[in-house]
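Engineer: Submitted below is the structure of interest, expressed as structure tokens.
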Protein chains: 2
Amino acid sequence: MSQLTLPDMICFALYSANHAMQRVYQPLLAPLGLTYPQFLVLMALWEEDGRRVTDLGRALGLESNTLTPLLKRMEAQGLVARARDEQDERQVRVTLSEKGAGLKAEAGHISRCIFDACGLEVERLTALRDQITALRDRLAG
Amino acid sequence: MSQLTLPDMICFALYSANHAMQRVYQPLLAPLGLTYPQFLVLMALWEEDGRRVTDLGRALGLESNTLTPLLKRMEAQGLVARARDEQDERQVRVTLSEKGAGLKAEAGHISRCIFDACGLEVERLTALRDQITALRDRLAG
DNA sequence: TCTGATTAAATCGCGCGCGATTAAAAAGCA
DNA sequence: TGCTTTTTAATCGCGCGCGATTTAATCAGA
């Protein structure tokens, strides 16, 4: 069998599609002063506020060595607050500020732009998402 | 309609699947002293050696601000050589060293490990790859 | 109660990825 | 020929992402 080339590889498809996605998000998030990972953190907090760093890490698939500096930058921008848990001082709870919570209003518009850029009907996009998620879980498992 | 959560979003599926993929590659590449993007560059050069930085950028979807430092690191490791083109001194040709070319022998084993980790039959994996690639092209287009 | 193990964040260093800019070579054109 | 425009890499700064380690709090067990 002849050697695989870049376009043949599922890994490169994921790699390049992920970059393409982030490039679509960038001009939508820049006016809000957000990076793409910061937007994902906001998503997680809009769903459930006051999570611990570990919880955010589990939701996003990231470790504290990535999240701590990222959350500090978000705190510096007044998007979230970070505070040690009263019961367990090892843990840090991350809470949305008014500004951070307010940005949720923009999320709908952004999601619609992304959906349009995907150029697929909802059913096909959902099916594709589920296949990619299932692949991720097998890779991580 | 209620707000989308992280697992609902195709963007997060791509983001997390891409990370999961790189985490599978990492222990396979580390013994060769390669990072994942460096492996992709080698893939591109195994397919066609002596490409210009621009050509590699087009193949990988990257700019010179990413590639130049990456290629310098690969040159420092003796994987490739970088040389200005004789005809057009603006361009830099990247050529595989013997060491860089030799690593191709390991690629088959790595690809097989990745395929196994995906846990899908070839037909399904190919179909998924094509859908992801098509999505990427719509996002980039 | 004290001591060692475990857990949660934080810290450090390094390699991407990219927006913005710069430097230099080549191409286009009066 | 000279001058401008375009093309190609390189440079710079910053934000991730992560392997490795550290610090501090909590837990478990004698």
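Residues are referred to by chain and number: the chain letter is A, B, ... according to the order shown in the structure tokens, the number counts from 1 in that chain, and ligands are numbered separately from 1 in the order shown.
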Find the residues near D:DT22: any atom within 10 Å, counting only C-alpha atoms (C1' of nucleotides), skip ones fewer than 3 places away on the same chain, and give them as JSON, numbers by chain.
Structural biologist: {"C": [10, 11, 12]}
Engineer: Mind listing as a list in words which residues of chain B are within 8 Å of chain D, counting only C-alpha atoms (C1' of nucleotides)?
Structural biologist: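 That gives Thr54, Ser64, Asn65, Thr68, Arg90, Gln91 and Val92 of chain B for chain B.
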Engineer: Present chain A as a short mmCIF file (atom, residue, chain, number, x, y, z; two decimals) with C-alpha atoms, in the first residue's frame, least-squares fitted onto chain B over all of its C-alpha atoms paired in order.
Structural biologist:
data_model
loop_
_atom_site.label_atom_id
_atom_site.label_comp_id
_atom_site.auth_asym_id
_atom_site.auth_seq_id
_atom_site.Cartn_x
_atom_site.Cartn_y
_atom_site.Cartn_z
CA MET A 1 -35.11 27.67 22.10
CA SER A 2 -32.92 27.01 25.10
CA GLN A 3 -29.27 27.92 24.95
CA LEU A 4 -26.77 25.51 23.43
CA THR A 5 -24.36 23.81 25.80
CA LEU A 6 -20.77 22.85 25.05
CA PRO A 7 -21.50 19.23 24.05
CA ASP A 8 -24.14 20.46 21.60
CA MET A 9 -21.68 22.48 19.58
CA ILE A 10 -19.87 21.24 16.51
CA CYS A 11 -17.04 23.65 17.27
CA PHE A 12 -16.40 22.04 20.62
CA ALA A 13 -16.60 18.57 19.09
CA LEU A 14 -13.81 19.56 16.68
CA TYR A 15 -11.83 21.32 19.38
CA SER A 16 -11.89 18.43 21.82
CA ALA A 17 -11.49 15.70 19.19
CA ASN A 18 -8.43 17.45 17.79
CA HIS A 19 -6.90 17.61 21.26
CA ALA A 20 -7.75 13.98 21.90
CA MET A 21 -6.07 13.04 18.63
CA GLN A 22 -2.91 14.93 19.50
CA ARG A 23 -2.84 13.23 22.88
CA VAL A 24 -2.85 9.86 21.14
CA TYR A 25 -0.02 10.94 18.85
CA GLN A 26 2.12 12.39 21.60
CA PRO A 27 3.52 9.15 23.09
CA LEU A 28 4.06 7.79 19.56
CA LEU A 29 6.00 10.86 18.40
CA ALA A 30 7.92 11.63 21.60
CA PRO A 31 10.40 8.75 21.07
CA LEU A 32 11.22 10.26 17.66
CA GLY A 33 11.69 13.70 19.18
CA LEU A 34 8.80 15.07 17.12
CA THR A 35 5.87 17.29 17.93
CA TYR A 36 2.61 16.76 16.12
CA PRO A 37 2.93 19.80 13.78
CA GLN A 38 6.50 18.73 13.00
CA PHE A 39 5.19 15.30 12.06
CA LEU A 40 2.69 16.95 9.70
CA VAL A 41 5.53 18.88 8.05
CA LEU A 42 7.45 15.63 7.58
CA MET A 43 4.36 14.04 6.03
CA ALA A 44 4.16 16.89 3.55
CA LEU A 45 7.87 16.57 2.70
CA TRP A 46 7.75 12.78 2.38
CA GLU A 47 5.08 13.32 -0.23
CA GLU A 48 7.10 15.98 -2.04
CA ASP A 49 10.53 17.10 -0.93
CA GLY A 50 12.08 20.51 -1.51
CA ARG A 51 8.91 22.52 -1.09
CA ARG A 52 8.93 26.22 -0.39
CA VAL A 53 7.69 27.61 2.92
CA THR A 54 4.63 28.91 1.10
CA ASP A 55 3.88 25.47 -0.32
CA LEU A 56 4.09 23.93 3.13
CA GLY A 57 1.87 26.69 4.41
CA ARG A 58 -0.75 25.96 1.78
CA ALA A 59 -0.61 22.22 2.50
CA LEU A 60 -0.90 22.67 6.26
CA GLY A 61 -2.99 25.82 6.44
CA LEU A 62 -0.27 27.78 8.23
CA GLU A 63 1.59 31.04 7.68
CA SER A 64 5.29 31.78 7.71
CA ASN A 65 5.00 33.27 11.20
CA THR A 66 4.22 29.75 12.42
CA LEU A 67 6.33 27.78 9.98
CA THR A 68 9.60 29.67 10.08
CA PRO A 69 10.34 29.08 13.77
CA LEU A 70 9.00 25.51 13.53
CA LEU A 71 11.26 24.76 10.54
CA LYS A 72 14.22 26.31 12.33
CA ARG A 73 13.69 23.95 15.23
CA MET A 74 13.47 21.03 12.83
CA GLU A 75 16.64 22.21 11.15
CA ALA A 76 18.37 22.45 14.52
CA GLN A 77 17.40 18.81 15.13
CA GLY A 78 18.88 17.80 11.79
CA LEU A 79 15.54 16.79 10.28
CA VAL A 80 15.51 19.24 7.37
CA ALA A 81 17.68 21.81 5.61
CA ARG A 82 16.52 25.32 4.72
CA ALA A 83 18.07 27.13 1.77
CA ARG A 84 17.23 30.19 -0.31
CA ASP A 85 16.17 29.38 -3.84
CA GLU A 86 18.86 30.17 -6.43
CA GLN A 87 16.40 31.56 -8.98
CA ASP A 88 14.30 33.55 -6.50
CA GLU A 89 16.09 34.56 -3.34
CA ARG A 90 12.82 35.47 -1.64
CA GLN A 91 11.87 31.82 -1.41
CA VAL A 92 13.20 29.24 1.00
CA ARG A 93 13.25 25.58 -0.02
CA VAL A 94 12.90 22.96 2.71
CA THR A 95 14.65 19.66 2.09
CA LEU A 96 14.62 16.43 4.06
CA SER A 97 17.88 15.33 5.63
CA GLU A 98 18.76 11.65 5.67
CA LYS A 99 17.46 11.54 9.22
CA GLY A 100 14.22 13.27 8.27
CA ALA A 101 13.70 11.00 5.28
CA GLY A 102 14.51 7.95 7.39
CA LEU A 103 11.72 8.63 9.84
CA LYS A 104 9.23 7.76 7.12
CA ALA A 105 9.86 4.13 8.00
CA GLU A 106 8.15 4.72 11.35
CA ALA A 107 5.11 6.40 9.84
CA GLY A 108 3.34 3.20 8.90
CA HIS A 109 3.40 1.89 12.44
CA ILE A 110 2.17 5.19 13.82
CA SER A 111 -0.69 5.37 11.31
CA ARG A 112 -1.72 1.87 12.29
CA CYS A 113 -1.79 2.82 15.97
CA ILE A 114 -3.93 5.86 15.20
CA PHE A 115 -6.28 3.82 13.06
CA ASP A 116 -6.71 1.30 15.87
CA ALA A 117 -7.34 4.06 18.40
CA CYS A 118 -10.11 5.44 16.18
CA GLY A 119 -11.96 2.15 16.52
CA LEU A 120 -13.81 2.40 13.20
CA GLU A 121 -13.79 0.37 10.02
CA VAL A 122 -11.89 1.95 7.14
CA GLU A 123 -15.06 2.82 5.22
CA ARG A 124 -16.66 4.64 8.13
CA LEU A 125 -13.45 6.45 9.01
CA THR A 126 -12.93 7.53 5.42
CA ALA A 127 -16.50 8.78 5.21
CA LEU A 128 -16.10 10.72 8.42
CA ARG A 129 -12.81 12.21 7.24
CA ASP A 130 -14.46 13.38 4.03
CA GLN A 131 -17.31 15.03 5.91
CA ILE A 132 -14.89 16.82 8.22
CA THR A 133 -12.77 17.92 5.27
CA ALA A 134 -15.83 19.20 3.43
CA LEU A 135 -16.90 21.13 6.54
CA ARG A 136 -13.41 22.64 6.81
CA ASP A 137 -13.52 23.75 3.19
CA ARG A 138 -16.90 25.41 3.66
CA LEU A 139 -15.65 27.17 6.80
CA ALA A 140 -12.51 28.35 5.02
CA GLY A 141 -14.23 29.22 1.77
#
Engineer: Report as number ranges by chain the set of chain C residues whose atoms approach chain A to within 12 Å, with distances computed over only C-alpha atoms (C1' of nucleotides).
Structural biologist: C: 7-13, 17-19
Engineer: Please run DSSP on the backbone and report, as a PyMOL selection string, all residues within stretch 55-136 of chain A that come out as strand (DSSP E).
Structural biologist: chain A and resi 80-84+92-96
Engineer: Restricting it to N, CA and C atoms, dump the selection as an mmCIF file, in the first residue's frame.
Structural biologist:
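Contents of the output file part_12.cif:
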data_model
loop_
_atom_site.group_PDB
_atom_site.id
_atom_site.type_symbol
_atom_site.label_atom_id
_atom_site.label_comp_id
_atom_site.auth_asym_id
_atom_site.auth_seq_id
_atom_site.Cartn_x
_atom_site.Cartn_y
_atom_site.Cartn_z
ATOM 1 N N VAL A 80 -14.944 37.274 35.007
ATOM 2 C CA VAL A 80 -15.243 36.303 36.059
ATOM 3 C C VAL A 80 -14.546 36.724 37.351
ATOM 4 N N ALA A 81 -14.951 36.080 38.448
ATOM 5 C CA ALA A 81 -14.249 36.221 39.721
ATOM 6 C C ALA A 81 -13.750 34.849 40.129
ATOM 7 N N ARG A 82 -12.584 34.815 40.759
ATOM 8 C CA ARG A 82 -12.010 33.563 41.266
ATOM 9 C C ARG A 82 -11.903 33.677 42.776
ATOM 10 N N ALA A 83 -12.410 32.647 43.481
ATOM 11 C CA ALA A 83 -12.355 32.698 44.945
ATOM 12 C C ALA A 83 -12.207 31.299 45.516
ATOM 13 N N ARG A 84 -11.365 31.172 46.527
ATOM 14 C CA ARG A 84 -11.195 29.896 47.216
ATOM 15 C C ARG A 84 -12.504 29.491 47.862
ATOM 16 N N VAL A 92 -10.905 26.299 43.889
ATOM 17 C CA VAL A 92 -11.193 27.679 43.482
ATOM 18 C C VAL A 92 -12.484 27.681 42.680
ATOM 19 N N ARG A 93 -13.435 28.467 43.110
ATOM 20 C CA ARG A 93 -14.710 28.601 42.403
ATOM 21 C C ARG A 93 -14.616 29.775 41.434
ATOM 22 N N VAL A 94 -15.143 29.561 40.229
ATOM 23 C CA VAL A 94 -15.132 30.610 39.210
ATOM 24 C C VAL A 94 -16.560 31.081 38.989
ATOM 25 N N THR A 95 -16.773 32.376 39.152
ATOM 26 C CA THR A 95 -18.119 32.939 39.083
ATOM 27 C C THR A 95 -18.184 34.018 38.016
ATOM 28 N N LEU A 96 -19.285 34.042 37.300
ATOM 29 C CA LEU A 96 -19.487 35.065 36.275
ATOM 30 C C LEU A 96 -19.694 36.433 36.921
#
Engineer: Extract the full set of alpha helix (DSSP H) residues from stretch 32-109 of chain B according to DSSP on the backbone, and format it as number ranges by chain.
Structural biologist: B: 36-47, 53-60, 64-76, 98-102, 104-109
